[in-house]
>>> print(open('protein_25.cif').read())   # mmCIF, C-alpha atoms and all ligand atoms
data_coords
loop_
_atom_site.label_atom_id
_atom_site.label_comp_id
_atom_site.auth_asym_id
_atom_site.auth_seq_id
_atom_site.Cartn_x
_atom_site.Cartn_y
_atom_site.Cartn_z
CA MET A 1 -10.59 178.87 105.47
CA PRO A 2 -13.22 180.14 103.04
CA ASP A 3 -15.37 182.98 104.45
CA SER A 4 -18.87 182.00 105.59
CA PHE A 5 -20.24 185.19 104.02
CA ARG A 6 -19.30 187.63 101.26
CA PHE A 7 -21.20 190.85 100.76
CA LEU A 8 -21.15 192.07 97.15
CA ARG A 9 -21.77 195.82 97.24
CA GLU A 10 -22.02 196.27 93.44
CA GLU A 11 -24.75 193.63 93.22
CA THR A 12 -26.34 194.30 96.64
CA ALA A 13 -26.15 190.59 97.34
CA LEU A 14 -25.06 188.39 100.21
CA GLU A 15 -23.16 185.27 99.25
CA ILE A 16 -23.57 182.48 101.80
CA LEU A 17 -21.12 179.58 101.83
CA ASP A 18 -23.25 176.48 101.28
CA GLN A 19 -22.22 174.38 104.30
CA ARG A 20 -24.21 171.39 103.02
CA LEU A 21 -21.50 170.84 100.40
CA ILE A 22 -18.49 171.11 102.74
CA PRO A 23 -15.96 169.41 102.83
CA PHE A 24 -16.13 168.39 99.18
CA GLN A 25 -17.17 171.63 97.51
CA VAL A 26 -16.75 175.31 98.31
CA SER A 27 -19.68 177.05 96.70
CA TYR A 28 -21.73 180.17 97.53
CA LEU A 29 -25.48 180.82 97.38
CA LYS A 30 -26.24 184.32 96.14
CA CYS A 31 -29.08 185.93 98.12
CA THR A 32 -30.73 189.21 97.18
CA SER A 33 -33.78 189.00 99.46
CA ALA A 34 -34.87 188.05 102.99
CA ASP A 35 -36.83 185.13 101.53
CA GLN A 36 -33.69 183.66 99.99
CA VAL A 37 -31.73 184.11 103.21
CA ALA A 38 -34.60 182.51 105.17
CA SER A 39 -34.57 179.47 102.93
CA ALA A 40 -30.76 179.19 103.30
CA ILE A 41 -31.26 179.10 107.10
CA VAL A 42 -34.15 176.60 106.97
CA SER A 43 -32.26 174.27 104.62
CA MET A 44 -29.15 174.63 106.81
CA ALA A 45 -26.98 175.91 103.98
CA VAL A 46 -25.98 178.29 106.78
CA ARG A 47 -26.13 177.10 110.40
CA GLY A 48 -24.53 177.76 113.78
CA ALA A 49 -26.01 180.27 116.25
CA PRO A 50 -23.97 183.41 115.49
CA ALA A 51 -23.91 182.68 111.72
CA ILE A 52 -27.70 182.49 111.42
CA GLY A 53 -27.97 185.79 113.33
CA ILE A 54 -25.55 187.44 110.90
CA ALA A 55 -27.31 185.97 107.86
CA ALA A 56 -30.71 187.12 109.14
CA ALA A 57 -29.43 190.66 109.73
CA PHE A 58 -28.26 190.81 106.11
CA GLY A 59 -31.61 189.36 104.98
CA VAL A 60 -33.43 192.29 106.57
CA ALA A 61 -30.91 194.76 105.12
CA LEU A 62 -31.37 193.33 101.60
CA ASP A 63 -35.14 193.89 101.76
CA ALA A 64 -34.66 197.37 103.23
CA LEU A 65 -32.22 198.32 100.46
CA ALA A 66 -34.71 197.09 97.85
CA GLY A 67 -37.52 199.12 99.46
CA ARG A 68 -39.45 196.01 100.53
CA ASP A 69 -41.46 195.59 103.76
CA VAL A 70 -38.92 195.29 106.58
CA GLU A 71 -41.42 194.06 109.20
CA ARG A 72 -42.38 191.21 106.87
CA ALA A 73 -38.68 190.34 106.35
CA ILE A 74 -38.17 190.19 110.13
CA ARG A 75 -41.27 187.99 110.54
CA ILE A 76 -40.12 185.50 107.89
CA LEU A 77 -36.59 185.27 109.27
CA TRP A 78 -37.86 185.04 112.87
CA ALA A 79 -39.74 181.83 111.97
CA THR A 80 -36.77 179.99 110.43
CA ARG A 81 -35.29 178.20 113.47
CA PRO A 82 -36.42 178.31 117.11
CA THR A 83 -33.49 177.47 119.42
CA ALA A 84 -30.46 179.70 118.75
CA VAL A 85 -31.22 183.03 120.42
CA ASN A 86 -28.62 184.91 118.34
CA LEU A 87 -31.17 184.90 115.51
CA PHE A 88 -33.71 186.86 117.58
CA TRP A 89 -31.00 189.04 119.12
CA ALA A 90 -29.80 190.09 115.64
CA LEU A 91 -33.36 190.63 114.35
CA ASP A 92 -34.18 192.77 117.41
CA ARG A 93 -31.13 194.90 116.61
CA MET A 94 -32.35 195.33 113.04
CA ARG A 95 -35.89 196.12 114.23
CA SER A 96 -34.58 198.86 116.53
CA ILE A 97 -33.65 200.91 113.43
CA ALA A 98 -36.63 199.90 111.27
CA GLY A 99 -38.38 203.18 112.06
CA LEU A 100 -35.73 205.32 110.29
CA PRO A 101 -36.93 207.35 107.27
CA PRO A 102 -37.06 205.17 104.13
CA ASP A 103 -34.35 207.16 102.31
CA ILE A 104 -31.71 206.30 104.92
CA ARG A 105 -33.11 203.01 106.30
CA GLY A 106 -31.51 200.67 103.74
CA ASP A 107 -27.97 202.01 104.19
CA ALA A 108 -28.35 202.12 107.99
CA MET A 109 -29.52 198.51 108.01
CA LEU A 110 -26.63 197.38 105.83
CA LYS A 111 -24.23 199.17 108.18
CA GLU A 112 -25.84 197.44 111.16
CA ALA A 113 -25.60 193.99 109.53
CA LEU A 114 -21.93 194.60 108.69
CA SER A 115 -21.32 195.67 112.31
CA ILE A 116 -23.00 192.53 113.68
CA TRP A 117 -20.68 190.45 111.49
CA GLU A 118 -17.49 192.40 112.34
CA GLU A 119 -18.32 192.50 116.05
CA ASP A 120 -18.81 188.74 116.08
CA LEU A 121 -15.34 188.19 114.64
CA ARG A 122 -13.80 190.49 117.26
CA ILE A 123 -15.80 188.82 120.04
CA ASN A 124 -14.63 185.37 118.96
CA LYS A 125 -10.99 186.46 119.14
CA ALA A 126 -11.63 187.66 122.72
CA ILE A 127 -13.36 184.36 123.60
CA GLY A 128 -10.33 182.55 122.20
CA ALA A 129 -7.91 184.60 124.30
CA ASN A 130 -10.01 184.15 127.47
CA GLY A 131 -10.48 180.42 126.95
CA SER A 132 -7.06 179.31 125.72
CA VAL A 133 -5.53 179.83 129.18
CA LEU A 134 -7.83 177.09 130.53
CA LEU A 135 -6.10 174.46 128.39
CA PRO A 136 -2.83 172.86 129.52
CA GLU A 137 0.35 173.11 127.39
CA ARG A 138 -0.38 169.66 125.93
CA ALA A 139 -4.15 169.32 125.61
CA LYS A 140 -6.43 166.57 124.36
CA VAL A 141 -9.87 168.00 123.79
CA ILE A 142 -13.25 166.60 122.70
CA THR A 143 -15.52 168.87 120.62
CA HIS A 144 -19.13 168.54 119.48
CA CYS A 145 -20.92 169.94 116.43
CA ASN A 146 -19.23 172.84 114.62
CA THR A 147 -18.39 176.02 116.51
CA GLY A 148 -15.79 177.37 114.13
CA SER A 149 -15.45 179.99 111.47
CA LEU A 150 -18.35 178.42 109.55
CA ALA A 151 -20.76 178.73 112.49
CA THR A 152 -19.87 182.37 113.23
CA GLY A 153 -18.62 185.59 111.69
CA GLY A 154 -15.13 183.99 111.65
CA TYR A 155 -12.59 182.23 113.94
CA GLY A 156 -15.26 180.50 116.03
CA THR A 157 -16.25 180.18 119.69
CA ALA A 158 -15.18 176.79 121.11
CA LEU A 159 -13.08 176.21 117.99
CA GLY A 160 -11.76 179.76 118.46
CA VAL A 161 -10.48 178.70 121.89
CA ILE A 162 -8.65 175.82 120.23
CA ARG A 163 -7.27 178.13 117.51
CA ALA A 164 -6.08 180.62 120.14
CA ALA A 165 -4.40 177.87 122.19
CA VAL A 166 -2.56 176.62 119.09
CA GLU A 167 -1.55 180.20 118.19
CA ALA A 168 -0.21 180.55 121.76
CA GLY A 169 2.08 177.59 121.06
CA LYS A 170 0.11 174.89 122.89
CA ASP A 171 0.12 171.36 121.58
CA VAL A 172 -3.59 170.65 121.07
CA GLU A 173 -5.11 167.43 119.77
CA VAL A 174 -8.83 167.48 119.02
CA PHE A 175 -11.20 164.52 119.08
CA VAL A 176 -14.09 165.54 116.85
CA ASP A 177 -17.50 164.05 117.65
CA GLU A 178 -19.05 163.28 114.27
CA THR A 179 -22.35 164.77 115.60
CA ARG A 180 -25.21 162.71 114.31
CA PRO A 181 -27.53 163.09 112.57
CA ARG A 182 -26.16 165.93 110.39
CA PHE A 183 -22.45 165.34 110.97
CA GLN A 184 -21.42 168.94 111.61
CA GLY A 185 -18.37 167.56 113.44
CA ALA A 186 -17.15 165.09 110.83
CA ARG A 187 -17.92 167.35 107.86
CA LEU A 188 -17.36 170.91 109.13
CA THR A 189 -15.15 170.89 112.23
CA ALA A 190 -12.78 168.35 110.68
CA PHE A 191 -12.67 170.50 107.51
CA GLU A 192 -11.69 173.57 109.56
CA LEU A 193 -9.06 171.72 111.60
CA PHE A 194 -7.64 170.11 108.47
CA SER A 195 -7.47 173.53 106.73
CA ASP A 196 -5.60 174.99 109.73
CA GLY A 197 -3.26 172.02 110.16
CA ILE A 198 -4.48 171.33 113.72
CA LYS A 199 -4.15 167.70 114.90
CA PHE A 200 -7.52 165.92 115.01
CA THR A 201 -9.26 162.54 114.94
CA VAL A 202 -12.92 162.00 114.07
CA ILE A 203 -14.90 159.74 116.42
CA CYS A 204 -18.53 158.56 116.57
CA ASP A 205 -20.55 160.31 119.28
CA SER A 206 -20.93 156.98 121.06
CA MET A 207 -17.14 156.63 121.44
CA ALA A 208 -16.59 159.76 123.51
CA HIS A 209 -17.19 158.21 126.96
CA TRP A 210 -14.91 155.28 126.16
CA LEU A 211 -12.26 157.72 124.95
CA MET A 212 -12.48 159.56 128.29
CA ARG A 213 -12.06 156.26 130.13
CA THR A 214 -9.16 154.91 128.10
CA ARG A 215 -7.08 158.06 127.31
CA ARG A 216 -6.27 161.20 129.22
CA ILE A 217 -8.73 163.85 128.03
CA ASP A 218 -8.13 167.36 129.39
CA ALA A 219 -11.36 169.06 128.44
CA VAL A 220 -14.66 168.86 126.62
CA LEU A 221 -15.20 172.13 124.76
CA VAL A 222 -18.56 173.00 123.16
CA GLY A 223 -20.50 176.03 121.93
CA ALA A 224 -24.04 177.11 122.75
CA ASP A 225 -27.26 178.04 121.01
CA ARG A 226 -28.83 179.64 124.05
CA VAL A 227 -27.68 180.17 127.63
CA ALA A 228 -30.36 180.70 130.29
CA MET A 229 -29.88 183.15 133.14
CA ASN A 230 -29.07 180.31 135.56
CA GLY A 231 -26.31 179.01 133.25
CA ASP A 232 -28.25 176.09 131.71
CA VAL A 233 -26.99 175.67 128.13
CA ALA A 234 -28.85 174.53 125.01
CA ASN A 235 -26.53 173.15 122.34
CA LYS A 236 -26.48 170.48 119.65
CA ILE A 237 -28.08 167.17 120.62
CA GLY A 238 -25.42 164.98 122.23
CA THR A 239 -23.93 167.81 124.30
CA TYR A 240 -25.78 166.73 127.45
CA SER A 241 -24.55 163.19 127.01
CA LEU A 242 -20.97 164.46 126.71
CA ALA A 243 -21.44 166.48 129.93
CA VAL A 244 -22.66 163.36 131.74
CA GLY A 245 -19.58 161.49 130.53
CA ALA A 246 -17.26 164.36 131.48
CA LYS A 247 -18.71 164.52 135.00
CA HIS A 248 -18.39 160.76 135.44
CA HIS A 249 -14.76 160.79 134.31
CA GLY A 250 -13.74 164.01 136.09
CA VAL A 251 -13.05 165.88 132.83
CA PRO A 252 -13.65 169.69 132.81
CA PHE A 253 -16.65 170.63 130.65
CA TYR A 254 -16.36 174.10 129.09
CA VAL A 255 -18.90 176.08 127.07
CA ALA A 256 -17.74 178.97 124.86
CA ALA A 257 -20.33 181.55 123.78
CA PRO A 258 -20.65 185.26 123.04
CA SER A 259 -22.88 187.40 125.28
CA SER A 260 -25.42 187.53 122.40
CA THR A 261 -26.14 183.83 123.12
CA PHE A 262 -27.41 184.64 126.64
CA ASP A 263 -31.18 184.99 126.84
CA LEU A 264 -32.22 187.59 129.40
CA GLN A 265 -35.84 186.44 129.13
CA CYS A 266 -35.04 182.84 129.92
CA PRO A 267 -34.71 181.96 133.63
CA SER A 268 -33.69 178.32 133.10
CA GLY A 269 -33.18 175.66 130.44
CA GLU A 270 -36.77 174.50 130.79
CA ALA A 271 -37.93 177.64 128.98
CA ILE A 272 -35.68 177.06 125.94
CA PRO A 273 -37.62 175.88 122.85
CA ILE A 274 -35.99 172.79 121.36
CA GLU A 275 -36.22 172.38 117.59
CA GLU A 276 -37.44 169.00 116.37
CA ARG A 277 -36.35 168.18 112.85
CA SER A 278 -37.50 165.79 110.14
CA PRO A 279 -37.38 161.99 110.74
CA GLU A 280 -35.59 161.81 107.36
CA GLU A 281 -32.39 163.01 109.06
CA LEU A 282 -32.27 159.69 110.95
CA ARG A 283 -33.94 157.47 108.38
CA THR A 284 -31.61 158.29 105.52
CA LEU A 285 -27.88 158.58 105.05
CA GLY A 286 -27.17 160.39 101.78
CA ALA A 287 -29.05 158.51 99.10
CA GLU A 288 -29.44 155.43 101.28
CA THR A 289 -32.59 154.60 103.29
CA LEU A 290 -31.63 152.93 106.57
CA PHE A 291 -35.07 151.77 107.80
CA PRO A 292 -38.73 151.84 106.69
CA GLU A 293 -40.91 154.94 106.96
CA ASP A 294 -43.27 153.35 109.48
CA TYR A 295 -40.54 153.05 112.14
CA PRO A 296 -41.19 155.92 114.57
CA VAL A 297 -38.41 158.49 115.00
CA TRP A 298 -37.67 161.22 117.58
CA ASN A 299 -35.26 163.86 116.34
CA PRO A 300 -34.67 166.75 118.77
CA SER A 301 -31.92 168.91 117.29
CA PHE A 302 -30.69 170.30 120.63
CA ASP A 303 -30.53 169.36 124.29
CA VAL A 304 -30.03 171.29 127.52
CA THR A 305 -27.05 170.75 129.82
CA PRO A 306 -27.86 171.76 133.41
CA ASN A 307 -25.59 174.45 134.85
CA GLU A 308 -24.24 172.18 137.62
CA MET A 309 -22.51 170.04 134.99
CA ILE A 310 -20.64 172.98 133.43
CA SER A 311 -17.16 173.80 134.78
CA ALA A 312 -17.03 177.29 133.20
CA ILE A 313 -18.61 179.39 130.45
CA ILE A 314 -16.11 181.32 128.34
CA THR A 315 -17.35 184.68 126.98
CA GLU A 316 -15.72 187.67 125.33
CA LYS A 317 -16.00 189.59 128.61
CA GLY A 318 -14.39 186.92 130.76
CA VAL A 319 -14.80 183.39 132.10
CA LEU A 320 -17.96 182.68 134.12
CA HIS A 321 -17.76 180.26 137.04
CA PRO A 322 -20.60 178.81 139.12
CA PRO A 323 -22.89 180.01 140.58
CA TYR A 324 -23.79 181.34 137.13
CA GLY A 325 -26.61 183.67 138.21
CA ALA A 326 -24.04 185.74 140.10
CA SER A 327 -21.28 185.56 137.48
CA ILE A 328 -23.67 186.45 134.64
CA ARG A 329 -24.53 189.56 136.65
CA SER A 330 -20.97 190.50 137.58
CA VAL A 331 -19.05 189.58 134.38
CA LEU A 332 -21.69 190.27 131.72
CA GLY A 333 -23.60 192.94 133.63
CA PHE A 334 -26.94 191.29 132.81
CA GLU A 335 -29.75 191.48 135.33
CA VAL A 336 -30.81 187.98 136.31
CA LEU A 337 -34.59 187.35 136.43
CA LYS A 338 -36.07 186.59 139.84
O1 LIG B 1 -28.11 172.84 114.07
P1 LIG B 1 -26.88 173.68 114.03
O2 LIG B 1 -25.78 173.11 113.20
O3 LIG B 1 -27.19 175.12 113.69
O4 LIG B 1 -26.36 173.68 115.54
C1 LIG B 1 -25.21 174.42 115.86
C2 LIG B 1 -24.73 174.18 117.24
O5 LIG B 1 -25.35 173.51 118.03
C3 LIG B 1 -23.47 174.91 117.65
O6 LIG B 1 -22.78 174.18 118.61
C4 LIG B 1 -23.85 176.27 118.24
O7 LIG B 1 -24.67 176.98 117.36
C5 LIG B 1 -22.67 177.08 118.58
S1 LIG B 1 -21.86 177.69 117.14
C6 LIG B 1 -20.69 178.81 117.61
#
>>> encode(input="protein_25.cif", output="structure tokens")
Amino acid sequence: MPDSFRFLREETALEILDQRLIPFQVSYLKCTSADQVASAIVSMAVRGAPAIGIAAAFGVALDALAGRDVERAIRILWATRPTAVNLFWALDRMRSIAGLPPDIRGDAMLKEALSIWEEDLRINKAIGANGSVLLPERAKVITHCNTGSLATGGYGTALGVIRAAVEAGKDVEVFVDETRPRFQGARLTAFELFSDGIKFTVICDSMAHWLMRTRRIDAVLVGADRVAMNGDVANKIGTYSLAVGAKHHGVPFYVAAPSSTFDLQCPSGEAIPIEERSPEELRTLGAETLFPEDYPVWNPSFDVTPNEMISAIITEKGVLHPPYGASIRSVLGFEVLK
């Protein structure tokens, strides 16, 4: 698998793998400023909750190293995408050292960005180990969006669980939701599984419920962009629908996420801001226009799955079971809002 990021010390530049070109081209965008990193996030050259947090941290570090205004860098990056809380979590970490003297601030910020990246990789390995035991020896799994190496600092969250299960010798077959409208499943998850030699089949999102009815499916396994303190989970649009199907068919529905995806300020899913994206994402398919501009479109990029539909949430610190308020407190040590 190509790395999602490369930091070039000699050039003080962050190279971001351009995910818009995967699976057909592996090419990196060279960023030397927070503005360039912000535009890579907005254009979705880099996407996935932990990955945009890591990219943003480097964006701030690049401006700090160049002696530019760090508060401005944080402001610009803060406004790039609203739903994944890892972005704000990473920027808050960078802000906590913004008051250091200018002569040491740049290096300290680069060190912090590198730590956020390295920690994420370590955390994903722990999520994988904690989650792989939930899968049977022969497992058929449905995934949604991309939760792999591309979406994180490496290895992945939900895809990390699959990788860990395969590494443990389990026979895993993955059904990959294509994930309309941007096809993160068909383009990115399939690319990762293909690269790793893991068995997979791409399906349309609308086929998942029929697949659960007609074949034995052992689990639905997804990532998260934000987890509220009651265990409600915001993730890529289509996740809620998969949870409804899983409940109807008696299939376990697992979420895998690092503790940085939990929002201590957010009591329930109702408080999670849902990004709405351009109608063009539905109206066009590559160069092709599917329907006229005056047809109205609704394009929420995420949805919220209520906690009662989630069988377990897999974190680096352990597996959370319902009731989530209590397990978030006991396993993660977070104080749940009253
Ligand atoms: O719009 P995207 O592609 O950034 O959405 C990504 C997702 O919804 C992922 O499932 C989520 O960020 C978890 S990635 C480990």
>>> closest_residue(input="protein_25.cif", among="A:Leu77, A:Ile22, A:Ala208, A:Ile116", to="Gln184 (chain A)", atoms="only C-alpha atoms")
A:Ile22
>>> residues_near_ligand(input="protein_25.cif", ligand="ligand LIG 1 (chain B)", cutoff="6 Å", atoms="all atoms listed in the file", output="PyMOL selection string")
chain A and resi 47-49+145-147+151-152+156-157+223-225+235-236
>>> atom_distance(input="protein_25.cif", atom1="CA of Asp177 (chain A)", atom2="CA of Ile237 (chain A)")
11.4 Å
>>> atom_distance(input="protein_25.cif", atom1="CA of Leu193 (chain A)", atom2="CA of Arg81 (chain A)")
27.1 Å
>>> closest_residue(input="protein_25.cif", among="A:Glu280, A:Glu118, A:Glu71, A:Asp18", to="Lys30 (chain A)", atoms="only C-alpha atoms")
A:Asp18
>>> atom_distance(input="protein_25.cif", atom1="CA of Ile52 (chain A)", atom2="CA of Arg105 (chain A)")
21.8 Å
>>> closest_residue(input="protein_25.cif", among="A:Arg226, A:Glu173, A:Ser268, A:Ser115", to="Phe194 (chain A)", atoms="only C-alpha atoms")
A:Glu173
>>> residues_around(input="protein_25.cif", residues="Arg187 (chain A)", least_positions_apart="5", cutoff="10 Å", atoms="all atoms listed in the file", output="list in words")
Gln19, Arg20, Leu21, Ile22, Pro23, Phe24, Cys145, Asn146, Val176, Glu178, Thr179, Arg182, Glu192 and Val202 of chain A
>>> closest_residue(input="protein_25.cif", among="A:Asn230, A:Ser330, A:Thr305, A:Thr284", to="Val244 (chain A)", atoms="only C-alpha atoms")
A:Thr305
>>> residues_around(input="protein_25.cif", residues="Ile76 (chain A)", least_positions_apart="3", cutoff="10 Å", atoms="only C-alpha atoms", output="PyMOL selection string")
chain A and resi 34-35+37-39+56+59-60+70-73+79-80
>>> closest_atom_pairs(input="protein_25.cif", of="region 80-195 of chain A", to="region 308-318 of chain A", cutoff="6 Å", atoms="all atoms listed in the file", output="tab-separated table")
residue	atom	partner	partner_atom	distance
A:Ile123	CA	A:Glu316	CA	5.4
A:Ala126	CA	A:Glu316	CA	4.9
A:Ile127	CA	A:Glu316	CA	4.4
A:Gly131	CA	A:Ile314	CA	5.9
>>> closest_residue(input="protein_25.cif", among="A:Gly231, A:Gly245, A:Pro322, A:Pro101", to="Cys266 (chain A)", atoms="only C-alpha atoms")
A:Gly231
>>> closest_residue(input="protein_25.cif", among="A:Asp218, A:Ala271, A:Ala168, A:Ala113", to="Ala139 (chain A)", atoms="all atoms listed in the file")
A:Asp218
>>> residues_around(input="protein_25.cif", residues="Ala234 (chain A)", least_positions_apart="6", cutoff="10 Å", atoms="all atoms listed in the file", output="ChimeraX atom specification")
/A:83-85,223-228,240,261,269-270,272-274,302-306
>>> residues_around(input="protein_25.cif", residues="Ala98 (chain A)", least_positions_apart="6", cutoff="12 Å", atoms="all atoms listed in the file", output="list in words")
Ala57, Val60, Ala61, Asp63, Ala64, Leu65, Gly67, Arg68, Asp69, Val70, Glu71, Arg72, Ala73, Ile74, Leu91, Asp92, Ile104, Arg105, Gly106, Asp107, Ala108, Met109, Leu110 and Glu112 of chain A
>>> decode(input="protein_25.cif", residues="region 81-89 of chain A", atoms="all heavy atoms", output="compact mmCIF listing (two decimals), in the first residue's frame")
# COMPACT_ATOMS: atom_id res chain seq x y z
N ARG A 81 -13.90 21.07 6.75
CA ARG A 81 -15.00 20.10 6.75
C ARG A 81 -15.60 20.03 8.16
O ARG A 81 -14.86 20.07 9.14
CB ARG A 81 -14.52 18.70 6.30
CG ARG A 81 -14.06 18.68 4.84
CD ARG A 81 -13.86 17.28 4.32
NE ARG A 81 -15.13 16.59 4.11
CZ ARG A 81 -15.23 15.30 3.84
NH1 ARG A 81 -14.15 14.55 3.78
NH2 ARG A 81 -16.41 14.74 3.63
N PRO A 82 -16.94 19.90 8.27
CA PRO A 82 -17.55 20.07 9.58
C PRO A 82 -17.81 18.80 10.42
O PRO A 82 -18.03 18.92 11.63
CB PRO A 82 -18.90 20.71 9.23
CG PRO A 82 -19.24 20.14 7.89
CD PRO A 82 -17.93 19.91 7.19
N THR A 83 -17.82 17.61 9.84
CA THR A 83 -18.38 16.47 10.58
C THR A 83 -17.33 15.67 11.36
O THR A 83 -17.54 15.36 12.54
CB THR A 83 -19.19 15.55 9.62
OG1 THR A 83 -20.21 16.35 9.01
CG2 THR A 83 -19.83 14.41 10.39
N ALA A 84 -16.23 15.33 10.74
CA ALA A 84 -15.24 14.47 11.42
C ALA A 84 -14.57 15.25 12.55
O ALA A 84 -13.89 16.26 12.32
CB ALA A 84 -14.19 13.98 10.43
N VAL A 85 -14.72 14.77 13.78
CA VAL A 85 -14.23 15.53 14.92
C VAL A 85 -12.71 15.41 15.08
O VAL A 85 -12.09 16.25 15.73
CB VAL A 85 -14.98 15.11 16.21
CG1 VAL A 85 -14.45 13.81 16.77
CG2 VAL A 85 -14.93 16.21 17.25
N ASN A 86 -12.10 14.41 14.44
CA ASN A 86 -10.64 14.25 14.52
C ASN A 86 -9.92 15.51 14.02
O ASN A 86 -8.83 15.82 14.47
CB ASN A 86 -10.18 13.06 13.66
CG ASN A 86 -10.93 11.81 14.01
OD1 ASN A 86 -12.15 11.78 13.87
ND2 ASN A 86 -10.25 10.78 14.47
N LEU A 87 -10.53 16.21 13.07
CA LEU A 87 -9.95 17.45 12.54
C LEU A 87 -9.78 18.46 13.68
O LEU A 87 -8.70 19.03 13.87
CB LEU A 87 -10.87 18.01 11.45
CG LEU A 87 -10.50 19.37 10.88
CD1 LEU A 87 -9.23 19.30 10.06
CD2 LEU A 87 -11.64 19.92 10.00
N PHE A 88 -10.85 18.65 14.46
CA PHE A 88 -10.83 19.66 15.53
C PHE A 88 -9.97 19.19 16.70
O PHE A 88 -9.29 19.97 17.34
CB PHE A 88 -12.28 19.98 15.95
CG PHE A 88 -13.14 20.24 14.74
CD1 PHE A 88 -14.15 19.36 14.37
CD2 PHE A 88 -12.89 21.34 13.93
CE1 PHE A 88 -14.90 19.57 13.22
CE2 PHE A 88 -13.65 21.56 12.79
CZ PHE A 88 -14.66 20.68 12.43
N TRP A 89 -10.01 17.88 16.92
CA TRP A 89 -9.19 17.28 17.98
C TRP A 89 -7.70 17.53 17.68
O TRP A 89 -6.93 17.95 18.55
CB TRP A 89 -9.50 15.78 18.05
CG TRP A 89 -8.60 14.97 18.91
CD1 TRP A 89 -8.73 14.73 20.24
CD2 TRP A 89 -7.42 14.27 18.48
NE1 TRP A 89 -7.69 13.94 20.68
CE2 TRP A 89 -6.88 13.64 19.62
CE3 TRP A 89 -6.76 14.12 17.26
CZ2 TRP A 89 -5.72 12.87 19.57
CZ3 TRP A 89 -5.60 13.36 17.22
CH2 TRP A 89 -5.10 12.74 18.35
